$ cat final_12.cif   # mmCIF, C-alpha atoms
data_query
loop_
_atom_site.label_atom_id
_atom_site.label_comp_id
_atom_site.auth_asym_id
_atom_site.auth_seq_id
_atom_site.Cartn_x
_atom_site.Cartn_y
_atom_site.Cartn_z
CA MET A 1 -41.63 -1.37 70.76
CA GLU A 2 -41.69 -5.01 69.78
CA VAL A 3 -41.46 -5.61 66.03
CA ARG A 4 -43.42 -8.66 65.04
CA LYS A 5 -42.60 -10.60 61.94
CA ARG A 6 -45.42 -10.59 59.44
CA ARG A 7 -45.65 -13.34 56.82
CA VAL A 8 -47.48 -12.67 53.59
CA PRO A 9 -48.20 -15.63 51.28
CA LEU A 10 -46.60 -15.54 47.84
CA ALA A 11 -50.03 -15.72 46.21
CA LEU A 12 -50.95 -12.41 47.81
CA LEU A 13 -48.32 -10.63 45.74
CA THR A 14 -50.45 -10.59 42.62
CA SER A 15 -53.60 -9.56 44.44
CA LEU A 16 -52.09 -6.68 46.40
CA ALA A 17 -52.85 -3.32 45.13
CA LEU A 18 -45.41 -1.33 41.69
CA VAL A 19 -44.04 1.89 41.38
CA GLY A 20 -42.06 3.78 43.90
CA ALA A 21 -38.66 5.41 44.68
CA GLY A 22 -36.99 8.65 45.34
CA CYS A 23 -34.22 10.16 47.39
CA GLY A 24 -33.87 10.51 51.12
CA GLU A 25 -35.96 9.24 53.98
CA ASP A 26 -39.40 10.56 54.74
CA ASP A 27 -40.68 10.70 58.30
CA SER A 28 -44.30 10.82 57.24
CA GLY A 29 -46.31 7.62 57.37
CA GLY A 30 -48.54 8.91 54.62
CA SER A 31 -51.33 10.84 56.29
CA ALA A 32 -54.52 11.34 54.37
CA GLY A 33 -55.05 14.73 55.99
CA SER A 34 -55.32 17.60 53.55
CA SER A 35 -52.37 19.98 53.42
CA ALA A 36 -53.99 22.40 51.01
CA SER A 37 -57.06 24.53 51.52
CA ASN A 38 -59.72 23.85 48.90
CA GLY A 39 -62.33 26.29 50.16
CA GLY A 40 -64.89 23.52 50.44
CA LYS A 41 -64.78 22.76 46.70
CA LYS A 42 -65.68 19.19 45.78
CA TYR A 43 -63.47 17.51 43.19
CA THR A 44 -64.04 14.50 40.98
CA ILE A 45 -60.88 12.46 40.43
CA GLY A 46 -60.38 9.92 37.67
CA LEU A 47 -57.91 7.17 38.61
CA VAL A 48 -56.08 4.99 36.07
CA PRO A 49 -53.86 2.47 37.91
CA PHE A 50 -51.24 0.73 35.81
CA SER A 51 -52.52 -2.76 36.68
CA SER A 52 -54.47 -4.48 39.43
CA ALA A 53 -51.53 -6.90 39.57
CA ASN A 54 -49.13 -4.08 40.40
CA ALA A 55 -48.92 -3.63 44.16
CA THR A 56 -47.07 -0.34 44.59
CA SER A 57 -49.06 1.40 41.87
CA ASN A 58 -52.31 0.45 43.51
CA GLN A 59 -51.11 1.53 46.95
CA GLY A 60 -50.49 4.96 45.47
CA ILE A 61 -54.02 5.01 44.06
CA GLN A 62 -55.39 4.01 47.47
CA GLY A 63 -53.53 6.94 49.01
CA VAL A 64 -55.33 9.31 46.64
CA GLN A 65 -58.63 7.62 47.46
CA ALA A 66 -58.05 8.09 51.20
CA VAL A 67 -57.66 11.85 50.75
CA ALA A 68 -60.73 11.96 48.52
CA LYS A 69 -62.80 10.07 51.07
CA LYS A 70 -61.69 12.38 53.87
CA ASN A 71 -62.66 15.47 51.84
CA GLY A 72 -65.90 14.08 50.42
CA TRP A 73 -64.58 14.03 46.85
CA GLU A 74 -65.71 11.53 44.22
CA THR A 75 -63.34 9.06 42.54
CA SER A 76 -63.72 6.83 39.50
CA VAL A 77 -61.26 3.97 38.84
CA ILE A 78 -60.51 2.30 35.50
CA ASP A 79 -57.78 -0.37 35.53
CA ALA A 80 -55.42 -0.18 32.53
CA GLY A 81 -54.31 -3.81 32.91
CA GLY A 82 -50.70 -2.89 32.13
CA ALA A 83 -51.60 -1.92 28.53
CA PRO A 84 -50.96 1.62 27.19
CA ASP A 85 -53.89 1.41 24.75
CA LYS A 86 -56.24 0.54 27.61
CA ALA A 87 -54.84 3.46 29.60
CA VAL A 88 -55.58 5.77 26.66
CA GLY A 89 -59.13 4.47 26.50
CA ALA A 90 -59.53 4.88 30.26
CA ILE A 91 -58.34 8.50 30.15
CA GLN A 92 -60.67 9.27 27.23
CA THR A 93 -63.59 7.76 29.15
CA LEU A 94 -62.78 9.92 32.18
CA VAL A 95 -62.59 12.98 29.94
CA GLN A 96 -66.13 12.20 28.76
CA ARG A 97 -67.20 11.96 32.40
CA LYS A 98 -65.82 15.49 32.89
CA VAL A 99 -63.69 14.76 35.95
CA ASP A 100 -61.65 17.61 37.44
CA VAL A 101 -58.30 15.81 37.42
CA ILE A 102 -56.91 12.43 36.34
CA VAL A 103 -54.25 10.43 38.20
CA THR A 104 -52.27 7.74 36.37
CA THR A 105 -49.36 5.54 37.42
CA VAL A 106 -46.23 4.21 35.68
CA PHE A 107 -47.12 5.03 32.05
CA PRO A 108 -44.90 7.79 30.54
CA PRO A 109 -46.78 10.60 28.73
CA ASP A 110 -45.73 9.51 25.24
CA SER A 111 -47.22 6.04 25.75
CA VAL A 112 -50.66 7.49 26.56
CA SER A 113 -50.49 10.59 24.37
CA GLY A 114 -53.88 9.97 22.76
CA GLY A 115 -55.56 10.18 26.14
CA ALA A 116 -53.29 12.87 27.59
CA LEU A 117 -53.88 15.23 24.67
CA ALA A 118 -57.64 14.64 24.85
CA ALA A 119 -57.54 15.56 28.56
CA LYS A 120 -55.48 18.66 27.84
CA ALA A 121 -57.90 19.76 25.14
CA ALA A 122 -60.72 19.39 27.66
CA GLY A 123 -58.82 21.41 30.26
CA ILE A 124 -58.35 18.41 32.58
CA PRO A 125 -54.86 18.15 34.18
CA ILE A 126 -53.18 14.78 34.70
CA ALA A 127 -50.94 13.84 37.63
CA SER A 128 -48.75 10.73 37.49
CA LEU A 129 -47.12 8.50 40.06
CA GLY A 130 -43.93 7.36 38.36
CA GLY A 131 -44.74 8.33 34.78
CA GLY A 132 -43.03 11.71 34.51
CA THR A 133 -44.37 15.00 33.14
CA GLY A 134 -44.90 15.76 29.46
CA ASN A 135 -47.47 16.98 26.97
CA GLY A 136 -50.80 16.56 28.75
CA VAL A 137 -49.30 15.43 32.08
CA GLN A 138 -48.77 18.38 34.42
CA ALA A 139 -47.55 16.73 37.63
CA SER A 140 -45.43 13.71 38.52
CA TRP A 141 -43.93 12.00 41.54
CA ASP A 142 -40.63 10.30 40.55
CA VAL A 143 -40.24 6.73 41.78
CA GLY A 144 -37.33 5.34 39.78
CA THR A 145 -34.10 7.28 39.43
CA GLU A 146 -32.69 7.60 42.94
CA SER A 147 -33.81 4.20 44.20
CA GLY A 148 -32.26 2.63 41.11
CA LYS A 149 -28.94 4.31 41.90
CA ARG A 150 -29.09 3.20 45.53
CA ILE A 151 -29.68 -0.46 44.77
CA ALA A 152 -27.10 -0.56 41.95
CA GLU A 153 -24.43 1.03 44.13
CA ARG A 154 -25.19 -1.34 46.99
CA MET A 155 -25.07 -4.35 44.64
CA ILE A 156 -21.68 -3.33 43.23
CA LYS A 157 -20.31 -2.77 46.73
CA ASP A 158 -21.49 -6.21 47.91
CA THR A 159 -20.40 -8.19 44.86
CA GLY A 160 -17.24 -6.38 43.82
CA GLY A 161 -18.78 -5.56 40.43
CA ASP A 162 -18.18 -8.88 38.69
CA GLY A 163 -19.70 -12.30 38.06
CA ALA A 164 -22.90 -13.43 36.33
CA LEU A 165 -25.77 -10.94 36.60
CA LEU A 166 -29.40 -11.66 35.77
CA ALA A 167 -31.35 -8.41 35.29
CA LEU A 168 -35.14 -8.66 35.29
CA GLY A 169 -36.53 -5.51 33.66
CA TYR A 170 -39.78 -4.09 32.30
CA LYS A 171 -39.65 -1.63 29.40
CA LEU A 172 -43.25 -0.37 29.39
CA GLY A 173 -43.04 1.34 32.80
CA LEU A 174 -41.04 4.54 33.25
CA PRO A 175 -39.98 3.61 36.83
CA CYS A 176 -38.38 0.40 35.58
CA GLN A 177 -36.82 2.30 32.67
CA GLN A 178 -35.27 4.75 35.13
CA ARG A 179 -34.12 2.01 37.50
CA GLU A 180 -32.59 -0.03 34.70
CA LYS A 181 -30.80 3.03 33.32
CA ALA A 182 -29.38 3.63 36.79
CA LEU A 183 -28.22 0.01 36.79
CA THR A 184 -26.58 0.13 33.36
CA ASP A 185 -24.94 3.50 34.09
CA SER A 186 -23.56 2.17 37.39
CA ILE A 187 -22.12 -1.04 35.94
CA LYS A 188 -20.37 0.52 32.94
CA SER A 189 -17.06 0.30 34.78
CA ALA A 190 -17.89 -3.09 36.31
CA SER A 191 -17.24 -6.55 34.88
CA TYR A 192 -20.59 -8.32 35.11
CA ASP A 193 -21.65 -10.95 32.59
CA LEU A 194 -25.10 -9.45 32.04
CA ASP A 195 -28.18 -11.47 31.04
CA ARG A 196 -31.16 -9.12 30.72
CA GLN A 197 -34.74 -10.47 30.55
CA GLU A 198 -38.12 -8.76 30.14
CA VAL A 199 -40.71 -9.83 32.71
CA PRO A 200 -44.44 -9.86 31.91
CA ILE A 201 -47.21 -8.04 33.82
CA PRO A 202 -49.35 -9.76 34.95
CA GLY A 203 -47.26 -12.88 35.60
CA GLN A 204 -44.26 -11.05 37.05
CA VAL A 205 -43.63 -13.55 39.86
CA GLU A 206 -43.89 -16.55 37.56
CA GLY A 207 -41.72 -14.77 35.00
CA GLY A 208 -39.02 -14.18 37.58
CA THR A 209 -39.07 -17.88 38.46
CA LYS A 210 -38.87 -19.01 34.84
CA PHE A 211 -36.00 -16.73 33.87
CA ALA A 212 -34.05 -17.56 37.02
CA GLN A 213 -34.42 -21.30 36.41
CA ALA A 214 -32.95 -21.00 32.92
CA TRP A 215 -30.19 -18.66 34.10
CA LEU A 216 -29.22 -20.98 36.97
CA ALA A 217 -28.83 -23.85 34.52
CA SER A 218 -26.21 -21.78 32.68
CA ASN A 219 -24.54 -20.60 35.90
CA PRO A 220 -24.02 -23.64 38.14
CA LYS A 221 -22.95 -23.40 41.74
CA ASN A 222 -19.24 -22.80 42.33
CA ALA A 223 -18.84 -21.47 38.76
CA GLY A 224 -18.25 -17.97 40.12
CA LYS A 225 -20.19 -15.08 41.59
CA ALA A 226 -23.87 -14.88 40.66
CA THR A 227 -26.33 -12.02 41.29
CA VAL A 228 -29.97 -11.28 40.47
CA TRP A 229 -31.26 -7.71 40.07
CA ALA A 230 -34.96 -6.96 39.56
CA CYS A 231 -36.50 -3.58 38.79
CA PHE A 232 -39.26 -4.38 41.31
CA ASP A 233 -39.81 -6.86 44.11
CA GLU A 234 -42.18 -9.37 42.56
CA PRO A 235 -39.84 -10.83 39.89
CA ALA A 236 -37.15 -11.02 42.59
CA VAL A 237 -39.48 -13.08 44.79
CA GLY A 238 -40.10 -15.37 41.82
CA ALA A 239 -36.35 -15.71 41.29
CA ILE A 240 -35.91 -16.55 44.97
CA SER A 241 -38.38 -19.40 44.54
CA ALA A 242 -36.18 -20.81 41.76
CA LEU A 243 -33.09 -20.40 43.95
CA LYS A 244 -34.73 -22.32 46.79
CA ASP A 245 -35.80 -25.12 44.48
CA ALA A 246 -32.23 -25.37 43.16
CA GLU A 247 -30.81 -25.18 46.72
CA ARG A 248 -28.71 -22.18 45.73
CA SER A 249 -27.75 -19.99 48.67
CA ASP A 250 -24.75 -18.46 46.88
CA VAL A 251 -26.74 -15.93 44.81
CA LYS A 252 -27.34 -12.37 46.05
CA VAL A 253 -30.68 -10.83 45.06
CA TYR A 254 -31.61 -7.12 44.88
CA ALA A 255 -34.93 -5.42 44.15
CA ILE A 256 -36.93 -2.20 44.54
CA ASP A 257 -40.37 -1.30 46.00
CA GLY A 258 -40.39 -2.84 49.49
CA LEU A 259 -43.48 -5.07 49.62
CA PRO A 260 -44.15 -7.26 52.70
CA PRO A 261 -42.97 -10.50 51.00
CA ALA A 262 -39.66 -8.74 50.26
CA PHE A 263 -39.22 -8.01 53.97
CA ASP A 264 -39.84 -11.70 54.74
CA ALA A 265 -37.19 -12.62 52.17
CA ILE A 266 -34.74 -10.13 53.68
CA ARG A 267 -35.35 -11.59 57.12
CA ASP A 268 -34.64 -15.15 55.99
CA GLY A 269 -31.58 -14.03 54.03
CA THR A 270 -32.81 -14.79 50.50
CA LEU A 271 -33.16 -11.13 49.45
CA THR A 272 -30.10 -9.00 50.10
CA ALA A 273 -31.72 -5.56 49.89
CA THR A 274 -34.67 -3.59 48.56
CA ALA A 275 -35.57 0.09 48.35
CA TRP A 276 -38.94 0.61 50.01
CA ILE A 277 -41.18 3.07 48.19
CA ASN A 278 -43.78 4.84 50.30
CA ALA A 279 -46.31 4.71 47.47
CA TYR A 280 -49.30 5.16 49.76
CA GLY A 281 -47.66 8.26 51.26
CA ALA A 282 -46.93 9.58 47.77
CA GLY A 283 -50.55 8.91 46.85
CA THR A 284 -51.80 10.97 49.77
CA ASP A 285 -49.44 13.77 48.70
CA ILE A 286 -50.95 13.64 45.21
CA GLY A 287 -54.42 13.77 46.73
CA ASN A 288 -53.53 16.73 48.91
CA SER A 289 -52.09 18.48 45.83
CA VAL A 290 -55.29 18.15 43.78
CA PRO A 291 -56.47 21.74 44.47
CA LYS A 292 -53.05 23.07 43.42
CA ILE A 293 -52.92 20.90 40.29
CA VAL A 294 -56.43 21.90 39.23
CA ALA A 295 -55.75 25.58 39.90
CA ALA A 296 -52.54 25.48 37.82
CA GLY A 297 -54.48 24.02 34.89
CA VAL A 298 -53.19 22.28 31.81
CA ASN A 299 -50.77 25.03 30.80
CA GLY A 300 -49.22 25.76 34.18
CA LYS A 301 -45.67 25.12 35.29
CA PRO A 302 -45.08 21.35 35.71
CA LEU A 303 -45.15 20.08 39.29
CA GLU A 304 -42.37 17.54 39.84
CA LYS A 305 -41.79 15.82 43.18
CA VAL A 306 -40.03 12.70 44.46
CA ALA A 307 -41.72 9.82 46.24
CA PRO A 308 -39.83 8.91 49.44
CA SER A 309 -37.76 5.70 49.60
CA VAL A 310 -35.56 3.91 52.14
CA LEU A 311 -32.90 1.25 51.50
CA VAL A 312 -33.63 -1.83 53.63
CA ASP A 313 -31.38 -4.83 54.34
CA ARG A 314 -31.21 -7.46 57.07
CA SER A 315 -29.22 -5.23 59.44
CA SER A 316 -31.74 -2.38 59.23
CA LEU A 317 -35.01 -4.32 58.83
CA ASP A 318 -36.26 -4.29 62.42
CA ALA A 319 -35.46 -0.62 62.96
CA PHE A 320 -37.09 0.22 59.60
CA LEU A 321 -40.32 -1.64 60.44
CA GLU A 322 -40.47 0.07 63.81
CA LYS A 323 -40.08 3.50 62.23
CA TYR A 324 -42.36 2.78 59.25
CA PRO A 325 -45.19 0.44 60.36
CA ILE A 326 -47.13 1.54 57.30
CA ALA A 327 -44.75 -0.60 55.22
CA THR A 328 -46.53 -3.78 56.35
CA ALA A 329 -49.95 -2.35 57.17
CA PRO A 330 -52.84 -2.75 54.74
CA ALA A 331 -52.93 0.28 52.46
CA GLY A 332 -55.14 2.97 53.90
CA GLN A 333 -54.40 2.13 57.53
#

$ encode --input "final_12.cif" --output "structure tokens"
Amino acid sequence: MEVRKRRVPLALLTSLALVGAGCGEDDSGGSAGSSASNGGKKYTIGLVPFSSANATSNQGIQGVQAVAKKNGWETSVIDAGGAPDKAVGAIQTLVQRKVDVIVTTVFPPDSVSGGALAAKAAGIPIASLGGGTGNGVQASWDVGTESGKRIAERMIKDTGGDGALLALGYKLGLPCQQREKALTDSIKSASYDLDRQEVPIPGQVEGGTKFAQAWLASNPKNAGKATVWACFDEPAVGAISALKDAERSDVKVYAIDGLPPAFDAIRDGTLTATAWINAYGAGTDIGNSVPKIVAAGVNGKPLEKVAPSVLVDRSSLDAFLEKYPIATAPAGQ
């Protein structure tokens, strides 16, 4: 099979529908076919994506929508815009609409407790992609811990565990919290000179560029090893833009999520590695689990699963794209 290189413009990053990660490879491309019998019952699903500017999160939502469309279920989407208070309002609105189940992404239960508790009181279970389980959230697909460990371990192996390190994090999302914890735990015995910065959403690409520009000014070429780590791909792509402008080819860059622009950067050697998250596949798994989640109710045993991820670098890129064409296909195809 011939693997064709697919270029995606930088501007498309912020319009693509972040979350992802897990442990082990998954051979499924993310089928929308139902794996659970629902006896012909029609469900209404409320969807609260983290942000329309967050690609992986939205791909997960689209996976849920694909299952709903196949089964003739209704969906209702309210974008939280990256703000916990807006997510709370969205969940409360969906409770008033009397949906059967609510699916959120990224936000941990304690950040949306006002909405989660309202849903629980109404007997409406919540499933999360990347947010974790907790009071009012009965199911979750982890997308942060294992991928964070993978990238951190690979970075330490490549760099020897020393030199200047720019870490681009995001505290409001549980996946980035988990990935950053994996980073800090992994580098405790290393000797990096760490500079940690908080990226904004929206504006994650531009934020990555801005922070990298300032960091490069303090870490000139030939001053020693220099590395950039980002808790998701988009800030890393922004940092790469700054590196190109500064004509710096000495800096290794690592990220997580596996969006098409990241694959382009891996191919041209500007991104060292990423962990691809099959968010669309995880979304279809959530969709297929709706009957089980609804049947378990708001007081049932928590359902905790792991979204599949694969570490991708230049040596494995072509084989990866051949095995997982969904990684560069429009979500839903």

$ residues_around --input "final_12.cif" --residues "Ala119 (chain A)" --least-positions-apart "6" --cutoff "12 Å" --atoms "all atoms listed in the file" --output "mmCIF file with C-alpha atoms, in the frame of the given file"
data_model
loop_
_atom_site.group_PDB
_atom_site.id
_atom_site.type_symbol
_atom_site.label_atom_id
_atom_site.label_comp_id
_atom_site.auth_asym_id
_atom_site.auth_seq_id
_atom_site.Cartn_x
_atom_site.Cartn_y
_atom_site.Cartn_z
ATOM 1 C CA GLY A 46 -60.380 9.920 37.670
ATOM 2 C CA VAL A 88 -55.580 5.770 26.660
ATOM 3 C CA GLY A 89 -59.130 4.470 26.500
ATOM 4 C CA ALA A 90 -59.530 4.880 30.260
ATOM 5 C CA ILE A 91 -58.340 8.500 30.150
ATOM 6 C CA GLN A 92 -60.670 9.270 27.230
ATOM 7 C CA THR A 93 -63.590 7.760 29.150
ATOM 8 C CA LEU A 94 -62.780 9.920 32.180
ATOM 9 C CA VAL A 95 -62.590 12.980 29.940
ATOM 10 C CA GLN A 96 -66.130 12.200 28.760
ATOM 11 C CA ARG A 97 -67.200 11.960 32.400
ATOM 12 C CA LYS A 98 -65.820 15.490 32.890
ATOM 13 C CA VAL A 99 -63.690 14.760 35.950
ATOM 14 C CA ASP A 100 -61.650 17.610 37.440
ATOM 15 C CA VAL A 101 -58.300 15.810 37.420
ATOM 16 C CA ILE A 102 -56.910 12.430 36.340
ATOM 17 C CA VAL A 103 -54.250 10.430 38.200
ATOM 18 C CA PRO A 109 -46.780 10.600 28.730
ATOM 19 C CA VAL A 112 -50.660 7.490 26.560
ATOM 20 C CA SER A 113 -50.490 10.590 24.370
ATOM 21 C CA PRO A 125 -54.860 18.150 34.180
ATOM 22 C CA ILE A 126 -53.180 14.780 34.700
ATOM 23 C CA ALA A 127 -50.940 13.840 37.630
ATOM 24 C CA ASN A 135 -47.470 16.980 26.970
ATOM 25 C CA GLY A 136 -50.800 16.560 28.750
ATOM 26 C CA VAL A 137 -49.300 15.430 32.080
ATOM 27 C CA GLN A 138 -48.770 18.380 34.420
ATOM 28 C CA GLY A 297 -54.480 24.020 34.890
ATOM 29 C CA VAL A 298 -53.190 22.280 31.810
ATOM 30 C CA ASN A 299 -50.770 25.030 30.800
#

$ resolve_selection --input "final_12.cif" --expression "the PyMOL selection byres ((chain A and resi 282) around 10)" --output "JSON list (two decimals) with C-alpha atoms, in the frame of the given file"
[["chain", "number", "residue", "atom", "x", "y", "z"],
["A", 20, "GLY", "CA", -42.06, 3.78, 43.90],
["A", 21, "ALA", "CA", -38.66, 5.41, 44.68],
["A", 28, "SER", "CA", -44.30, 10.82, 57.24],
["A", 29, "GLY", "CA", -46.31, 7.62, 57.37],
["A", 30, "GLY", "CA", -48.54, 8.91, 54.62],
["A", 31, "SER", "CA", -51.33, 10.84, 56.29],
["A", 59, "GLN", "CA", -51.11, 1.53, 46.95],
["A", 60, "GLY", "CA", -50.49, 4.96, 45.47],
["A", 61, "ILE", "CA", -54.02, 5.01, 44.06],
["A", 63, "GLY", "CA", -53.53, 6.94, 49.01],
["A", 64, "VAL", "CA", -55.33, 9.31, 46.64],
["A", 129, "LEU", "CA", -47.12, 8.50, 40.06],
["A", 141, "TRP", "CA", -43.93, 12.00, 41.54],
["A", 142, "ASP", "CA", -40.63, 10.30, 40.55],
["A", 143, "VAL", "CA", -40.24, 6.73, 41.78],
["A", 277, "ILE", "CA", -41.18, 3.07, 48.19],
["A", 278, "ASN", "CA", -43.78, 4.84, 50.30],
["A", 279, "ALA", "CA", -46.31, 4.71, 47.47],
["A", 280, "TYR", "CA", -49.30, 5.16, 49.76],
["A", 281, "GLY", "CA", -47.66, 8.26, 51.26],
["A", 283, "GLY", "CA", -50.55, 8.91, 46.85],
["A", 284, "THR", "CA", -51.80, 10.97, 49.77],
["A", 285, "ASP", "CA", -49.44, 13.77, 48.70],
["A", 286, "ILE", "CA", -50.95, 13.64, 45.21],
["A", 287, "GLY", "CA", -54.42, 13.77, 46.73],
["A", 288, "ASN", "CA", -53.53, 16.73, 48.91],
["A", 305, "LYS", "CA", -41.79, 15.82, 43.18],
["A", 306, "VAL", "CA", -40.03, 12.70, 44.46],
["A", 307, "ALA", "CA", -41.72, 9.82, 46.24],
["A", 308, "PRO", "CA", -39.83, 8.91, 49.44]]

$ closest_atom_pairs --input "final_12.cif" --of "region 211-243 of chain A" --to "region 251-258 of chain A" --cutoff "7 Å" --atoms "only C-alpha atoms" --output "tab-separated table"
residue	atom	partner	partner_atom	distance
A:Ala226	CA	A:Val251	CA	5.2
A:Thr227	CA	A:Lys252	CA	4.9
A:Val228	CA	A:Val253	CA	4.7
A:Trp229	CA	A:Tyr254	CA	4.9
A:Ala230	CA	A:Ala255	CA	4.8
A:Cys231	CA	A:Ala255	CA	5.9
A:Phe232	CA	A:Ile256	CA	4.5
A:Asp233	CA	A:Ala255	CA	5.1
A:Ala236	CA	A:Ala255	CA	6.2

$ atom_distance --input "final_12.cif" --atom1 "CA of Lys171 (chain A)" --atom2 "CA of Gln204 (chain A)"
13.0 Å

$ residues_near_point --input "final_12.cif" --point "(-36.6, -7.3, 33.6)" --cutoff "10 Å" --atoms "all atoms listed in the file" --output "number ranges by chain"
A: 166-171, 176-177, 180, 195-200, 204, 207-208, 211, 229-232, 235-236

$ closest_residue --input "final_12.cif" --among "A:Gly134, A:Pro202, A:Gly269, A:Gly144" --to "Arg179 (chain A)" --atoms "all atoms listed in the file"
A:Gly144

$ closest_residue --input "final_12.cif" --among "A:Leu117, A:Leu271, A:Ile240, A:Ala139" --to "Pro302 (chain A)" --atoms "only C-alpha atoms"
A:Ala139

$ residues_around --input "final_12.cif" --residues "Phe263 (chain A)" --least-positions-apart "3" --cutoff "10 Å" --atoms "all atoms listed in the file" --output "ChimeraX atom specification"
/A:5-8,233,258-260,266-274,276,312-314,317-318,321,327-328

$ closest_residue --input "final_12.cif" --among "A:Asn222, A:Ser111, A:Ser316, A:Thr145" --to "Gly163 (chain A)" --atoms "only C-alpha atoms"
A:Asn222

$ closest_residue --input "final_12.cif" --among "A:Ala190, A:Ala83, A:Ala262, A:Val106" --to "Ser128 (chain A)" --atoms "all atoms listed in the file"
A:Val106

$ atom_distance --input "final_12.cif" --atom1 "CA of Thr44 (chain A)" --atom2 "CA of Lys120 (chain A)"
16.2 Å

$ resolve_selection --input "final_12.cif" --expression "the PyMOL selection byres ((chain A and resi 244) around 12)" --output "list of chain:residue names"
A:Thr209, A:Ala212, A:Gln213, A:Leu216, A:Val237, A:Gly238, A:Ala239, A:Ile240, A:Ser241, A:Ala242, A:Leu243, A:Asp245, A:Ala246, A:Glu247, A:Arg248, A:Ser249, A:Asp250, A:Val251, A:Ala265, A:Asp268, A:Gly269, A:Thr270, A:Leu271

$ write_last_selection --input "final_12.cif" --atoms "C-alpha atoms" --output "JSON list (two decimals), keeping the file's coordinate frame"
[["chain", "number", "residue", "atom", "x", "y", "z"],
["A", 209, "THR", "CA", -39.07, -17.88, 38.46],
["A", 212, "ALA", "CA", -34.05, -17.56, 37.02],
["A", 213, "GLN", "CA", -34.42, -21.30, 36.41],
["A", 216, "LEU", "CA", -29.22, -20.98, 36.97],
["A", 237, "VAL", "CA", -39.48, -13.08, 44.79],
["A", 238, "GLY", "CA", -40.10, -15.37, 41.82],
["A", 239, "ALA", "CA", -36.35, -15.71, 41.29],
["A", 240, "ILE", "CA", -35.91, -16.55, 44.97],
["A", 241, "SER", "CA", -38.38, -19.40, 44.54],
["A", 242, "ALA", "CA", -36.18, -20.81, 41.76],
["A", 243, "LEU", "CA", -33.09, -20.40, 43.95],
["A", 245, "ASP", "CA", -35.80, -25.12, 44.48],
["A", 246, "ALA", "CA", -32.23, -25.37, 43.16],
["A", 247, "GLU", "CA", -30.81, -25.18, 46.72],
["A", 248, "ARG", "CA", -28.71, -22.18, 45.73],
["A", 249, "SER", "CA", -27.75, -19.99, 48.67],
["A", 250, "ASP", "CA", -24.75, -18.46, 46.88],
["A", 251, "VAL", "CA", -26.74, -15.93, 44.81],
["A", 265, "ALA", "CA", -37.19, -12.62, 52.17],
["A", 268, "ASP", "CA", -34.64, -15.15, 55.99],
["A", 269, "GLY", "CA", -31.58, -14.03, 54.03],
["A", 270, "THR", "CA", -32.81, -14.79, 50.50],
["A", 271, "LEU", "CA", -33.16, -11.13, 49.45]]

$ residues_around --input "final_12.cif" --residues "Gly82 (chain A)" --least-positions-apart "4" --cutoff "7 Å" --atoms "all atoms listed in the file" --output "ChimeraX atom specification"
/A:50-51,201

$ atom_distance --input "final_12.cif" --atom1 "CA of Glu153 (chain A)" --atom2 "CA of Ser315 (chain A)"
17.2 Å

$ closest_residue --input "final_12.cif" --among "A:Ala66, A:Ile78, A:Leu172, A:Ile326" --to "Ser52 (chain A)" --atoms "only C-alpha atoms"
A:Ile78

$ closest_residue --input "final_12.cif" --among "A:Pro325, A:Gly148, A:Gly224, A:Gly300" --to "Ala182 (chain A)" --atoms "all atoms listed in the file"
A:Gly148

$ residues_around --input "final_12.cif" --residues "Tyr43 (chain A)" --least-positions-apart "4" --cutoff "10 Å" --atoms "only C-alpha atoms" --output "PDB file with C-alpha atoms, keeping the file's coordinate frame"
ATOM      1  CA  ASN A  38     -59.720  23.850  48.900  1.00  0.00           C
ATOM      2  CA  ALA A  68     -60.730  11.960  48.520  1.00  0.00           C
ATOM      3  CA  ASN A  71     -62.660  15.470  51.840  1.00  0.00           C
ATOM      4  CA  GLY A  72     -65.900  14.080  50.420  1.00  0.00           C
ATOM      5  CA  TRP A  73     -64.580  14.030  46.850  1.00  0.00           C
ATOM      6  CA  GLU A  74     -65.710  11.530  44.220  1.00  0.00           C
ATOM      7  CA  THR A  75     -63.340   9.060  42.540  1.00  0.00           C
ATOM      8  CA  VAL A  99     -63.690  14.760  35.950  1.00  0.00           C
ATOM      9  CA  ASP A 100     -61.650  17.610  37.440  1.00  0.00           C
ATOM     10  CA  VAL A 101     -58.300  15.810  37.420  1.00  0.00           C
ATOM     11  CA  VAL A 290     -55.290  18.150  43.780  1.00  0.00           C
ATOM     12  CA  PRO A 291     -56.470  21.740  44.470  1.00  0.00           C
ATOM     13  CA  VAL A 294     -56.430  21.900  39.230  1.00  0.00           C
TER      14      VAL A 294
END

$ axis_aligned_box --input "final_12.cif" --around "region 258-261 of chain A" --padding-each-side "3 Å" --output "JSON"
{"center_x": -42.3, "center_y": -6.7, "center_z": 51.1, "size_x": 9.8, "size_y": 13.7, "size_z": 9.2}

$ build_atoms --input "final_12.cif" --residues "region 189-193 of chain A" --atoms "N, CA and C atoms" --output "JSON list (two decimals), in the frame of the given file"
[["chain", "number", "residue", "atom", "x", "y", "z"],
["A", 189, "SER", "N", -18.46, 0.54, 34.43],
["A", 189, "SER", "CA", -17.06, 0.30, 34.78],
["A", 189, "SER", "C", -16.89, -1.02, 35.53],
["A", 190, "ALA", "N", -17.97, -1.80, 35.64],
["A", 190, "ALA", "CA", -17.89, -3.09, 36.31],
["A", 190, "ALA", "C", -17.64, -4.20, 35.29],
["A", 191, "SER", "N", -17.60, -5.43, 35.77],
["A", 191, "SER", "CA", -17.24, -6.55, 34.88],
["A", 191, "SER", "C", -18.28, -7.67, 34.94],
["A", 192, "TYR", "N", -19.54, -7.30, 35.06],
["A", 192, "TYR", "CA", -20.59, -8.32, 35.11],
["A", 192, "TYR", "C", -20.81, -8.98, 33.75],
["A", 193, "ASP", "N", -21.18, -10.25, 33.78],
["A", 193, "ASP", "CA", -21.65, -10.95, 32.59],
["A", 193, "ASP", "C", -23.17, -10.84, 32.62]]
